[in-house]
Amino acid sequence: MSEGDPILKMGGDALKWAWNNPEEVWKRISRVKEWFGSRRSKGASSDTDEADTHVRPGILIIGPGGVGKTTIARILSGDFDRVLTDASRDYQESLNVEEFSLKDDPKIGIVVPPGQEHRRPSTWKELLSEIASGKYRGIILLNAYGYHTFGIGYRDHRIYLEIASPRNRQKFMSAYLENRRLDELSVAQKLAPYVQQCQGKLWVLTVVAKQDLWWTVRDQVSQYYSHGPYQSEMVAMFAQHDPLSRRHETAMTSLVISNFRDGEGEILQANNAGYDHREQVDSLRRLFEIMFDLMKWEQG
Ligand SMILES: Nc1nc2c(ncn2[C@@H]2O[C@H](COP(=O)(O)OP(=O)(O)O)[C@@H](O)[C@H]2O)c(=O)[nH]1
Ligand SMILES: [Mg+2]
């Protein structure tokens with residue numbers, strides 16, 4: 001692919017790396033695909049799965065709305081073309097549970113429930129009880145340090161209307177980010193009892209996406225997820241369980257490099273200067289390495 005490629009010019013999406021390194025990507029993807037396609041380790045499987053002809057989910061991707069769930073699901077199912085071509089489109093809230101079948105095995109899927117608060121009760125209930133019953137081998141818990149994309153103009157947002165006047169974009173952003181980080185915590189809290197109930201082997205991978213938007217405060221972010229309130233939630237989630245049957249990892253990454261805009265296209269925060277293509281490549285590489293590690297642990 002030359003630099004003049006029209007898809008690359010659509011802008012915003014630095015999965016150019018994937019585009020420019022197809023061999024390396026496919027090597028990695030095929031290992032991940034193999035893993036998704038393998039049977040779960042003993043103890044986590046159930047007999048009914050054998051006869052199940054429906055999409056059999058292996059990995060659950062969960063998190064608040066707008067954090068990047070659909071994007072990471074596409075990357076993990078090898079759907080780079082769609083990630084590239086969709087980058088220029090407006091954000092679409094996912095209304096239903098999305099199932100991404102890995103390209104050549106329709107029986108294996110990645111399940112992505114919608115994240116918006118008002119959509120949670122109906123779609124999450126079943127998924128949560130499936131976690132407890134051991135249907136998933138792993139959960140990707142997606143966060144974005146509060147940078148949750150939303151679909152309306154920021155001045156119409158409930159959080160904007162709640163801040164004391166004089167209101168402005170900056171005040172909105174700090175209130176919004178704080179509020180959304182609390183929502184990330186509430187997702188982890190909600191998940192905890194079901195993860196505790198699950199009898200078999202189960203890994204949880206915390207992915208903190210949108211690194212390109214919080215790169216300048218990365219020490220703070222890393223502190224927040226590895227020592228702060230988020231970590232306390234994770235400790236609670238894994239309490240009272242045989243450490244051999246649980247594993248938690250954290251990966252910080254940028255799935256896409258793009259400005260943070262509201263639903264009307266206004267830039268609320270530019271992606272951080274100093275975060276470039278190379279940082280993103282490294283972050284995606286680390287994400288894949290962690291996944292290979294989890295794969296080995298699962299089979300061990
Ligand atoms: N800047 C930036 N934007 C991202 C990143 N990951 C996803 N996005 C964007 O965030 C928006 C929401 O992503 P999506 O995958 O639809 O979120 P979902 O609601 O959790 O499924 C989309 O416009 C993505 O392009 C990232 O790492 N950095
Ligand atoms: Mg989605």
# chains A, B, ... in the order shown; residues from 1 in each chain; ligands from 1
$ residues_near_ligand --ligand "ligand 1" --cutoff "9 Å" --atoms "only C-alpha atoms and all ligand atoms" --output "PyMOL selection string"
chain A and resi 12-13+61-74+83+86-94+112-116+142-144+147-150+208-213+253-261+270-271+280
$ closest_atom_pairs --of "stretch 209-252 of chain A" --to "stretch 189-203 of chain A" --cutoff "12 Å" --atoms "only C-alpha atoms" --output "JSON lines"
{"residue": "A:Pro229", "atom": "CA", "partner": "A:Gln189", "partner_atom": "CA", "distance": 10.9}
{"residue": "A:Tyr230", "atom": "CA", "partner": "A:Gln189", "partner_atom": "CA", "distance": 9.4}
{"residue": "A:Gln231", "atom": "CA", "partner": "A:Gln189", "partner_atom": "CA", "distance": 11.2}
{"residue": "A:Ser232", "atom": "CA", "partner": "A:Gln189", "partner_atom": "CA", "distance": 10.0}
{"residue": "A:Glu233", "atom": "CA", "partner": "A:Gln189", "partner_atom": "CA", "distance": 6.4}
{"residue": "A:Met234", "atom": "CA", "partner": "A:Ala192", "partner_atom": "CA", "distance": 7.8}
{"residue": "A:Val235", "atom": "CA", "partner": "A:Ala192", "partner_atom": "CA", "distance": 9.5}
{"residue": "A:Ala236", "atom": "CA", "partner": "A:Ala192", "partner_atom": "CA", "distance": 7.1}
{"residue": "A:Met237", "atom": "CA", "partner": "A:Ala192", "partner_atom": "CA", "distance": 4.4}
{"residue": "A:Phe238", "atom": "CA", "partner": "A:Gln196", "partner_atom": "CA", "distance": 6.7}
{"residue": "A:Ala239", "atom": "CA", "partner": "A:Gln196", "partner_atom": "CA", "distance": 7.6}
{"residue": "A:Gln240", "atom": "CA", "partner": "A:Gln196", "partner_atom": "CA", "distance": 7.7}
{"residue": "A:His241", "atom": "CA", "partner": "A:Gln196", "partner_atom": "CA", "distance": 7.2}
{"residue": "A:Asp242", "atom": "CA", "partner": "A:Lys201", "partner_atom": "CA", "distance": 9.5}
{"residue": "A:Pro243", "atom": "CA", "partner": "A:Lys201", "partner_atom": "CA", "distance": 9.7}
{"residue": "A:Leu244", "atom": "CA", "partner": "A:Lys201", "partner_atom": "CA", "distance": 7.8}
{"residue": "A:Ser245", "atom": "CA", "partner": "A:Lys201", "partner_atom": "CA", "distance": 4.4}
{"residue": "A:Arg246", "atom": "CA", "partner": "A:Leu202", "partner_atom": "CA", "distance": 5.3}
{"residue": "A:Arg247", "atom": "CA", "partner": "A:Trp203", "partner_atom": "CA", "distance": 4.6}
{"residue": "A:His248", "atom": "CA", "partner": "A:Trp203", "partner_atom": "CA", "distance": 5.9}
{"residue": "A:Glu249", "atom": "CA", "partner": "A:Trp203", "partner_atom": "CA", "distance": 8.1}
{"residue": "A:Thr250", "atom": "CA", "partner": "A:Trp203", "partner_atom": "CA", "distance": 11.1}
$ write_last_selection --atoms "C-alpha atoms" --output "CSV table (one decimal), in the first residue's frame"
chain,number,residue,atom,x,y,z
A,229,PRO,CA,-9.9,2.9,42.9
A,230,TYR,CA,-10.1,0.8,39.8
A,231,GLN,CA,-7.5,-1.6,41.2
A,232,SER,CA,-9.5,-1.9,44.4
A,233,GLU,CA,-12.5,-3.0,42.4
A,234,MET,CA,-10.4,-5.6,40.7
A,235,VAL,CA,-9.0,-6.9,43.9
A,236,ALA,CA,-12.5,-7.3,45.2
A,237,MET,CA,-13.5,-9.1,42.0
A,238,PHE,CA,-10.7,-11.7,42.5
A,239,ALA,CA,-11.1,-12.0,46.3
A,240,GLN,CA,-11.9,-15.4,47.7
A,241,HIS,CA,-10.8,-17.3,44.7
A,242,ASP,CA,-8.1,-19.8,44.0
A,243,PRO,CA,-5.4,-17.6,42.3
A,244,LEU,CA,-4.7,-20.5,39.9
A,245,SER,CA,-8.2,-20.2,38.4
A,246,ARG,CA,-8.1,-16.4,37.9
A,247,ARG,CA,-5.9,-14.0,36.1
A,248,HIS,CA,-6.0,-10.3,35.6
A,249,GLU,CA,-3.9,-8.3,33.2
A,250,THR,CA,-3.9,-4.6,32.1
$ atom_distance --atom1 "atom CA of A:Gly58" --atom2 "atom CA of A:Leu294"
13.3 Å
$ atom_distance --atom1 "atom CA of A:Gln269" --atom2 "atom CA of A:Met173"
8.4 Å
$ closest_residue --among "A:Arg286, A:Asn96, A:Ser186, A:Ser77" --to "ligand 2" --atoms "only C-alpha atoms and all ligand atoms"
A:Asn96
$ select_by_dssp --residues "stretch 72-299 of chain A" --states "strand (DSSP E)" --output "NGL selection string"
:A and (98-102 or 105-112 or 138-143 or 202-208 or 246-252 or 260-261 or 267-269)
$ residues_around --residues "A:Lys125" --least-positions-apart "3" --cutoff "12 Å" --atoms "only C-alpha atoms" --output "compact mmCIF listing (two decimals) with N, CA and C atoms, in the first residue's frame"
# COMPACT_ATOMS: atom_id res chain seq x y z
N VAL A 97 -26.93 -6.54 21.19
CA VAL A 97 -25.69 -7.28 21.39
C VAL A 97 -25.12 -7.58 20.01
N PRO A 113 -21.89 -6.43 24.34
CA PRO A 113 -23.18 -5.82 24.68
C PRO A 113 -23.09 -4.30 24.54
N ARG A 119 -29.39 1.07 28.42
CA ARG A 119 -29.58 -0.17 27.67
C ARG A 119 -29.07 -1.39 28.43
N ARG A 120 -28.44 -1.14 29.58
CA ARG A 120 -27.82 -2.25 30.27
C ARG A 120 -28.77 -3.31 30.83
N PRO A 121 -29.81 -2.91 31.55
CA PRO A 121 -30.59 -3.92 32.26
C PRO A 121 -31.02 -5.10 31.38
N SER A 122 -31.57 -4.82 30.20
CA SER A 122 -32.10 -5.90 29.40
C SER A 122 -31.01 -6.77 28.77
N LEU A 128 -24.43 -11.53 32.15
CA LEU A 128 -23.83 -11.63 33.48
C LEU A 128 -24.03 -13.03 34.07
N SER A 129 -25.24 -13.58 33.87
CA SER A 129 -25.44 -14.92 34.43
C SER A 129 -24.65 -15.95 33.63
N GLU A 130 -24.39 -15.66 32.38
CA GLU A 130 -23.52 -16.56 31.60
C GLU A 130 -22.08 -16.55 32.10
N ILE A 131 -21.64 -15.39 32.59
CA ILE A 131 -20.29 -15.32 33.17
C ILE A 131 -20.24 -16.25 34.37
N ALA A 132 -21.28 -16.14 35.22
CA ALA A 132 -21.33 -16.95 36.44
C ALA A 132 -21.35 -18.45 36.11
N LYS A 190 -20.29 -4.07 38.99
CA LYS A 190 -21.42 -4.90 38.58
C LYS A 190 -20.96 -6.30 38.19
N LEU A 191 -19.81 -6.34 37.57
CA LEU A 191 -19.26 -7.60 37.07
C LEU A 191 -18.78 -8.51 38.21
N TYR A 194 -20.44 -11.82 39.63
CA TYR A 194 -20.60 -12.88 38.64
C TYR A 194 -19.26 -13.55 38.34
$ closest_residue --among "A:Glu117, A:Leu141, A:Asp282, A:Glu98" --to "ligand 2" --atoms "only C-alpha atoms and all ligand atoms"
A:Glu98
$ select_by_dssp --residues "stretch 128-181 of chain A" --states "alpha helix (DSSP H)" --output "number ranges by chain"
A: 128-132, 158-162, 169-181
$ closest_residue --among "A:Leu127, A:Tyr176, A:Gly265, A:Ser222" --to "A:Leu161" --atoms "only C-alpha atoms"
A:Tyr176
